[in-house]
There are 2 protein chains.
Amino acid sequence: MVASRTPAYLILAEASLELVPPGLRGHPSVVSNAKRQGRDPERSLLDSSFHHRAMRPLEEAERRGRPDIVHFCALLALGSRISQAGRLRLFIHTRDDVVIAIEPATRLPRVYDRFKGLMEQVLIEGVVPKDERLLVVEDGGLKELFERLAPSRTVLLSSSGKRTALSRLFPQKKKLDGTAVAVGAFPFGEFHKATVALCGEPVSIADGTLEAWSVVGEVLSRMAHVEGLK
Amino acid sequence: MVASRTPAYLILAEASLELVPPGLRGHPSVVSNAKRQGRDPERSLLDSSFHHRAMRPLEEAERRGRPDIVHFCALLALGSRISQAGRLRLFIHTRDDVVIAIEPATRLPRVYDRFKGLMEQVLIEGVVPKDERLLVVEDGGLKELFERLAPSRTVLLSSSGKRTALSRLFPQKKKLDGTAVAVGAFPFGEFHKATVALCGEPVSIADGTLEAWSVVGEVLSRMAHVEGLK
């Protein structure tokens, strides 16, 4: 029997992914949008493209309601060479500290609306699909996830972090086994203190600001390189 | 005066991006979908998610109507470190041999429906916006584009191509200046003969099949590495 190696972990952290908060469910833009999509307002994801006006009074409104970021990052991660090689596990961590584990074999919907429908179902029902359990809301939040994974090393990536070369962050000869990489899946601002407390101080891999999917793309490629995928 | 270096070129080739063909504009699924979106059927992009039934009689139906592939690949390219460093120019080449040049400063809509609206406008009007000319349909097709760019080297990427290590394809010491990389922006099948005639035989960077965006992500990261971006 061959012991399987521990994979690396990619965590889409503080993701702008949540159901419409209770106080907003009666807002005209939320109601009309849900109706147009044949959805129930209380079973709808918050989406700043459609709920912009309703969101104004929300705390941290500018960094909420961006399921598109999770969508692209997750498609990129699951389709990557490193994931196909069985060397990556993907987690979504939402800003409400909900952790969703996604099986590597999952084929996410490529159409945004259908992805949103899937995420609504996961957040409400906890497991999708019931039998295959491809997407599962895990017990506890990020803290409990880290307790379970016990990462060998944790890297938190943020544009505001200390500038570090990608090749220094993931050196050629350093094994990735058990490495947890957390990428902010929100559009603006800093990580919350609780995330930094768990992951350590953030680092940045570019001189300017990168979109989350560009960070994910760079990290996945570097991981494939370090793992020796030719 | 400092002569500016020639950038590399990324071409999203044979992209599944086209307006609904004339013969399909009266099909119930096309009409109802256009109506729901407040669009005109003849000004709508073909989208297999919504026009699946209508598309059945189309030639090569299984590889048409996938604007989501272009959307994600273009967002990834424009947001990349190599593009931010001014070292990449992006072109969309559609399966109808239409070439669209995209200025690096372009901020594409992140919401799929709005991206589709933008592409419809570009395909119909040829230039968007009229004053800034961020997206421009160029004269001629891929052949004329290659005549204008006169690439120093051309790389065509396809899962069916000859397996080649990314590091051998883009060696550390080989300058990228004027290199044209064409990635198939369609879901299945082989490149058309005309594309291979222009670009040479395809090569593959993975053992299995990769989504176009994963190929683009790997290429962009490797380019950044070769360019010495730390």
# chains A, B, ... in the order shown; residues from 1 in each chain; ligands from 1
>>> select_by_dssp(residues="chain A", states="alpha helix (DSSP H)", output="PyMOL selection string")
chain A and resi 28-36+48-55+67-78+81-84+112-125+142-149+166-169+193-199+212-226
>>> residues_around(residues="Ser32 (chain B)", least_positions_apart="5", cutoff="12 Å", atoms="only C-alpha atoms", output="ChimeraX atom specification")
/B:25-27,37-41,44,50-51,54
>>> write_last_selection(atoms="all heavy atoms", output="CSV table (one decimal), in the first residue's frame")
chain,number,residue,atom,x,y,z
B,25,ARG,N,-32.8,33.0,-36.3
B,25,ARG,CA,-33.3,34.2,-35.6
B,25,ARG,C,-34.8,34.1,-35.3
B,25,ARG,O,-35.3,34.8,-34.5
B,25,ARG,CB,-33.0,35.4,-36.4
B,25,ARG,CG,-31.5,35.7,-36.3
B,25,ARG,CD,-31.0,36.9,-37.1
B,25,ARG,NE,-29.6,37.0,-37.1
B,25,ARG,CZ,-28.8,37.7,-37.9
B,25,ARG,NH1,-29.4,38.5,-38.8
B,25,ARG,NH2,-27.5,37.6,-37.9
B,26,GLY,N,-35.5,33.2,-36.0
B,26,GLY,CA,-36.9,33.0,-35.8
B,26,GLY,C,-37.2,31.9,-34.9
B,26,GLY,O,-38.4,31.7,-34.5
B,27,HIS,N,-36.2,31.1,-34.4
B,27,HIS,CA,-36.5,30.0,-33.6
B,27,HIS,C,-37.0,30.4,-32.2
B,27,HIS,O,-36.5,31.3,-31.6
B,27,HIS,CB,-35.1,29.2,-33.4
B,27,HIS,CG,-35.3,27.8,-32.8
B,27,HIS,ND1,-35.5,27.7,-31.4
B,27,HIS,CD2,-35.3,26.6,-33.3
B,27,HIS,CE1,-35.7,26.4,-31.2
B,27,HIS,NE2,-35.6,25.7,-32.3
B,37,GLN,N,-34.2,39.2,-22.4
B,37,GLN,CA,-33.1,40.0,-22.1
B,37,GLN,C,-33.2,41.4,-22.7
B,37,GLN,O,-32.3,42.2,-22.6
B,37,GLN,CB,-31.8,39.4,-22.8
B,37,GLN,CG,-31.7,37.9,-22.5
B,37,GLN,CD,-30.4,37.6,-21.7
B,37,GLN,OE1,-29.4,38.3,-21.8
B,37,GLN,NE2,-30.5,36.6,-20.9
B,38,GLY,N,-34.4,41.7,-23.3
B,38,GLY,CA,-34.6,43.0,-23.9
B,38,GLY,C,-33.7,43.3,-25.1
B,38,GLY,O,-33.3,44.4,-25.3
B,39,ARG,N,-33.4,42.2,-25.8
B,39,ARG,CA,-32.6,42.3,-27.0
B,39,ARG,C,-33.3,42.0,-28.3
B,39,ARG,O,-34.4,41.4,-28.2
B,39,ARG,CB,-31.4,41.4,-26.9
B,39,ARG,CG,-30.3,41.7,-25.9
B,39,ARG,CD,-29.1,40.8,-26.1
B,39,ARG,NE,-28.0,41.3,-25.3
B,39,ARG,CZ,-27.6,40.8,-24.1
B,39,ARG,NH1,-28.3,39.9,-23.6
B,39,ARG,NH2,-26.5,41.3,-23.6
B,40,ASP,N,-32.7,42.3,-29.4
B,40,ASP,CA,-33.2,42.0,-30.7
B,40,ASP,C,-32.5,40.6,-31.1
B,40,ASP,O,-31.3,40.5,-31.0
B,40,ASP,CB,-32.7,43.1,-31.6
B,40,ASP,CG,-33.6,43.2,-32.8
B,40,ASP,OD1,-34.1,42.2,-33.3
B,40,ASP,OD2,-33.7,44.4,-33.3
B,41,PRO,N,-33.3,39.6,-31.6
B,41,PRO,CA,-32.6,38.4,-32.0
B,41,PRO,C,-31.4,38.5,-32.9
B,41,PRO,O,-30.4,37.8,-32.8
B,41,PRO,CB,-33.7,37.6,-32.6
B,41,PRO,CG,-35.0,38.1,-32.1
B,41,PRO,CD,-34.7,39.6,-31.8
B,44,SER,N,-28.2,39.5,-31.1
B,44,SER,CA,-27.8,38.7,-30.0
B,44,SER,C,-26.7,37.7,-30.3
B,44,SER,O,-26.6,37.2,-31.4
B,44,SER,CB,-29.0,37.8,-29.5
B,44,SER,OG,-30.1,38.6,-29.1
B,50,PHE,N,-28.4,28.9,-23.9
B,50,PHE,CA,-29.8,29.3,-24.1
B,50,PHE,C,-30.3,28.9,-25.5
B,50,PHE,O,-31.5,28.8,-25.6
B,50,PHE,CB,-29.9,30.8,-24.0
B,50,PHE,CG,-29.3,31.3,-22.7
B,50,PHE,CD1,-28.1,32.0,-22.6
B,50,PHE,CD2,-30.0,31.1,-21.5
B,50,PHE,CE1,-27.6,32.4,-21.4
B,50,PHE,CE2,-29.5,31.5,-20.3
B,50,PHE,CZ,-28.3,32.2,-20.2
B,51,HIS,N,-29.5,28.6,-26.4
B,51,HIS,CA,-29.9,28.3,-27.8
B,51,HIS,C,-29.7,26.9,-28.2
B,51,HIS,O,-29.6,26.5,-29.4
B,51,HIS,CB,-29.2,29.2,-28.8
B,51,HIS,CG,-29.4,30.7,-28.5
B,51,HIS,ND1,-28.4,31.6,-28.7
B,51,HIS,CD2,-30.4,31.4,-27.9
B,51,HIS,CE1,-28.8,32.8,-28.3
B,51,HIS,NE2,-30.1,32.7,-27.8
B,54,ALA,N,-32.1,25.3,-30.7
B,54,ALA,CA,-32.1,26.0,-32.0
B,54,ALA,C,-30.8,25.6,-32.7
B,54,ALA,O,-30.8,25.6,-34.0
B,54,ALA,CB,-32.2,27.5,-31.8
>>> residues_around(residues="region 148-159 of chain A", least_positions_apart="6", cutoff="8 Å", atoms="only C-alpha atoms", output="list in words")
Asp177, Gly178, Thr179, Ala180, Val181, Ala182, Val183, Gly184, Glu190, Phe191, Val196, Cys199, Gly200, Glu201, Pro202, Val203, Ser204, Ile205, Ala206, Asp207, Gly208, Thr209 and Leu210 of chain A
>>> write_last_selection(atoms="C-alpha atoms", output="PDB file, in the first residue's frame")
ATOM      1  CA  ASP A 177       2.574  18.993   0.757  1.00  0.00           C
ATOM      2  CA  GLY A 178       0.144  20.478   3.224  1.00  0.00           C
ATOM      3  CA  THR A 179       0.769  24.084   2.161  1.00  0.00           C
ATOM      4  CA  ALA A 180      -2.340  26.246   2.526  1.00  0.00           C
ATOM      5  CA  VAL A 181      -2.616  29.271   0.238  1.00  0.00           C
ATOM      6  CA  ALA A 182      -5.369  31.765   1.011  1.00  0.00           C
ATOM      7  CA  VAL A 183      -6.315  34.274  -1.695  1.00  0.00           C
ATOM      8  CA  GLY A 184      -8.766  37.068  -0.961  1.00  0.00           C
ATOM      9  CA  GLU A 190      -7.817  44.329   3.651  1.00  0.00           C
ATOM     10  CA  PHE A 191      -8.300  40.943   5.214  1.00  0.00           C
ATOM     11  CA  VAL A 196      -4.613  37.393   9.509  1.00  0.00           C
ATOM     12  CA  CYS A 199      -2.849  32.810   8.364  1.00  0.00           C
ATOM     13  CA  GLY A 200      -0.116  35.241   9.351  1.00  0.00           C
ATOM     14  CA  GLU A 201       0.789  38.538   7.688  1.00  0.00           C
ATOM     15  CA  PRO A 202      -0.174  38.826   4.008  1.00  0.00           C
ATOM     16  CA  VAL A 203       2.326  38.940   1.148  1.00  0.00           C
ATOM     17  CA  SER A 204       1.941  40.374  -2.339  1.00  0.00           C
ATOM     18  CA  ILE A 205       3.179  38.834  -5.615  1.00  0.00           C
ATOM     19  CA  ALA A 206       2.855  41.972  -7.774  1.00  0.00           C
ATOM     20  CA  ASP A 207       3.818  45.630  -7.658  1.00  0.00           C
ATOM     21  CA  GLY A 208       0.257  46.768  -8.306  1.00  0.00           C
ATOM     22  CA  THR A 209      -3.155  45.329  -7.558  1.00  0.00           C
ATOM     23  CA  LEU A 210      -4.170  42.090  -9.224  1.00  0.00           C
TER      24      LEU A 210
END
>>> closest_residue(among="A:Ala101, A:Ala34, A:Ile92, A:Val216", to="chain B", atoms="only C-alpha atoms")
A:Val216
>>> interface_residues(of="chain B", to="chain A", cutoff="6 Å", atoms="only C-alpha atoms", output="count of residues only")
7
>>> select_by_dssp(residues="region 38-230 of chain A", states="strand (DSSP E)", output="PyMOL selection string")
chain A and resi 88-94+99-102+127-128+135-137+153-163+179-184+203-204
>>> residues_around(residues="Gly140 (chain B)", least_positions_apart="6", cutoff="9 Å", atoms="only C-alpha atoms", output="PDB file with N, CA, C and O atoms, in the first residue's frame")
ATOM      1  N   ASP B  97     -13.525  34.190 -38.648  1.00  0.00           N
ATOM      2  CA  ASP B  97     -12.313  34.902 -39.075  1.00  0.00           C
ATOM      3  C   ASP B  97     -12.424  36.428 -38.918  1.00  0.00           C
ATOM      4  O   ASP B  97     -11.909  37.179 -39.736  1.00  0.00           O
ATOM      5  N   VAL B  98     -13.130  36.840 -37.883  1.00  0.00           N
ATOM      6  CA  VAL B  98     -13.162  38.263 -37.523  1.00  0.00           C
ATOM      7  C   VAL B  98     -12.103  38.474 -36.438  1.00  0.00           C
ATOM      8  O   VAL B  98     -11.996  37.670 -35.506  1.00  0.00           O
ATOM      9  N   VAL B  99     -11.297  39.534 -36.577  1.00  0.00           N
ATOM     10  CA  VAL B  99     -10.252  39.813 -35.595  1.00  0.00           C
ATOM     11  C   VAL B  99     -10.598  41.072 -34.812  1.00  0.00           C
ATOM     12  O   VAL B  99     -10.871  42.120 -35.397  1.00  0.00           O
TER      13      VAL B  99
END
>>> residues_around(residues="Leu58 (chain A)", least_positions_apart="5", cutoff="12 Å", atoms="only C-alpha atoms", output="ChimeraX atom specification")
/A:20-24,46,48,51-53,63-65
>>> write_last_selection(atoms="C-alpha atoms", output="JSON list (two decimals), in the first residue's frame")
[["chain", "number", "residue", "atom", "x", "y", "z"],
["A", 20, "VAL", "CA", -29.31, 38.50, 0.46],
["A", 21, "PRO", "CA", -29.33, 39.62, 4.13],
["A", 22, "PRO", "CA", -32.80, 39.57, 5.78],
["A", 23, "GLY", "CA", -33.10, 43.37, 5.98],
["A", 24, "LEU", "CA", -32.73, 43.73, 2.21],
["A", 46, "LEU", "CA", -26.34, 38.97, -2.99],
["A", 48, "SER", "CA", -23.74, 43.96, -6.45],
["A", 51, "HIS", "CA", -28.55, 44.91, -5.87],
["A", 52, "HIS", "CA", -26.32, 47.95, -5.93],
["A", 53, "ARG", "CA", -28.93, 50.39, -4.65],
["A", 63, "ARG", "CA", -16.70, 44.42, -0.90],
["A", 64, "ARG", "CA", -19.85, 42.34, -0.82],
["A", 65, "GLY", "CA", -21.99, 40.67, -3.47]]
>>> closest_residue(among="B:Leu45, B:Met223, B:Ala15, B:Val137", to="Pro171 (chain B)", atoms="only C-alpha atoms")
B:Met223
>>> atom_distance(atom1="CA of Leu17 (chain A)", atom2="CA of Pro104 (chain B)")
29.0 Å
